[in-house]
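I have placed the structure first, in the form of structure tokens, so that the comments after it can refer back to it.
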Number of protein chains: 2
Amino acid sequence: MTGEKRRSYDPVALRARILDVAAAAFQSRGYNSTSTHDIMRDAAVTGGALHHHFPTKKSLGLAVIRERVAPAVEETWIEPVRQARTALDGILRAFDDIVLLIDERGEVLGCPLNNLAIELSLADPEFKEAVVQIFGRWQEAIAGKLRGEKADAAPISAPDELATFVVASYSGAIAMAKAQQNSDPLRICARQLASVLRPIRKERGPSRTPRRMS
Amino acid sequence: MTGEKRRSYDPVALRARILDVAAAAFQSRGYNSTSTHDIMRDAAVTGGALHHHFPTKKSLGLAVIRERVAPAVEETWIEPVRQARTALDGILRAFDDIVLLIDERGEVLGCPLNNLAIELSLADPEFKEAVVQIFGRWQEAIAGKLRGEKADAAPISAPDELATFVVASYSGAIAMAKAQQNSDPLRICARQLASVLRPIRKERGPSRTPRRMS
């Protein structure tokens, strides 16, 4: 009976459920503090099913980074920045949404990318590489947007460096938010980044839209 | 014989050695990934001696935060900022020294405070409180220095918020440095912070900075 029950599972859905459970556990408790038994229990899967999809805990960790953490950064940061009128608008939108989420939830789990970067990058080169790629795409999305604005603005810091600064400020702010378990550091850093980035596009008066001119 | 050998240990030195070993292990591998057996082995102490000084792993964790992490933040950040001519000089000094250390060592262990904040603040209120106190002293040292400069400068961002921004930028930069295992994000963020903070104290020079006009 249980065999029939298992066979009736959609393997794609099962794999997705394991990834969801593992991603949530790695974000809130960390990779090393989560056992494969925790994941089997929380996802309600057998050891055999877990092993079939992810032969090792490391293969699960890498899949979480590539298939859950990367899309989360895409959704919370890269898309808002791409779709916004300006880099600053997109950055503030990302901060605002995360502040709202934290305030609703009442606890700070931290940035899934940042958490795993700190826990795993020194320990394992494959984890490091997977994490570095996501940081790279995140920074490039912001830098690309800033580059589009630059043509019409006063000389600013190199867009690549400014993008690194934005990602670092956010990553540190969410680490501090996690430390104190409230969103205040994110609100503060959003205001500070606004004052750093605002002159770039208001330089020549409010009527011009730098992005279209470039 | 081993009993005599143990008795000949200076208990203060033994306790200090346990703390040194635990602090190093927590910084490089994390609190949860370090077992008390790892600490006994690396510090060459018996279980009895470890238990005598630190009855629980948590008591050891709290002692590491209070007696090793707090002094490390004091030494690398708070003192340089207090002793510098300006907040910016102190901040750049702190960044420079850490970049040098990383470049000499060839690997990035990460900020001990940040690492433990991310690993432990959500999980345990006592760890959280210990970590929050250190972040508070760090921010207050920078804010205090900025406040001292403010009298002579035009209105700037609230010193408290600017201090939070500095700490966040650093914390994120060292997380990114740990992610990619090199010091580049720290160098970049130091340059960016310099461009944010420099106008504050050069305010009365001939050129107005765009940031003030917004």
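All residue names refer to the structure tokens as shown: chains lettered A, B, ... in order, residues numbered from 1 in each chain, ligands numbered from 1 in order.
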Pair the Cα atoms of chain A and chain B in order, fit the first onto the second, and let me know the RMSD in Å.
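Rounded to one decimal, the C-alpha RMSD is 3.8 Å.
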Please report as a tab-separated table (two decimals) with C-alpha atoms, in the first residue's frame which residues of chain B come no farther than 6 Å from chain A, using only C-alpha atoms.
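Final file, part-v3.tsv:
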```tsv
chain	number	residue	atom	x	y	z
B	117	ALA	CA	25.04	36.71	13.93
B	121	SER	CA	20.67	35.16	16.19
B	132	VAL	CA	23.41	42.87	19.18
B	161	GLU	CA	22.03	56.08	10.39
B	165	PHE	CA	25.25	52.17	6.83
B	168	ALA	CA	26.28	47.24	6.97
B	169	SER	CA	28.52	48.03	3.99
B	171	SER	CA	29.53	43.43	6.90
B	172	GLY	CA	28.17	42.82	3.42
B	173	ALA	CA	31.55	43.45	1.81
B	179	ALA	CA	31.86	34.23	-0.92
B	180	GLN	CA	34.51	34.85	-3.57
B	188	ILE	CA	35.52	48.55	-3.58
B	189	CYS	CA	33.28	49.34	-0.61
B	210	PRO	CA	25.53	66.93	-5.79
B	211	ARG	CA	24.56	64.81	-2.82
```
Rounded to one decimal, what separation in Å do you get between CA of Gly48 (chain A) and CA of Ala22 (chain A)?
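Interatomic distance, CA of Gly48 (chain A) to CA of Ala22 (chain A): 16.2 Å.
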List the spatial neighbours of Thr76 (chain B) as a CSV table (one decimal) with C-alpha atoms, in the first residue's frame - criterion: any atom at most 8 Å away, only C-alpha atoms, same-chain residues fewer than 4 positions off excluded.
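Ended up saving to around.csv:
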```csv
chain,number,residue,atom,x,y,z
B,72,ALA,CA,38.2,41.6,18.0
B,80,PRO,CA,41.0,52.7,15.0
B,94,ALA,CA,39.9,49.4,9.5
B,97,ASP,CA,44.0,46.5,7.8
B,98,ILE,CA,41.5,43.8,7.1
```
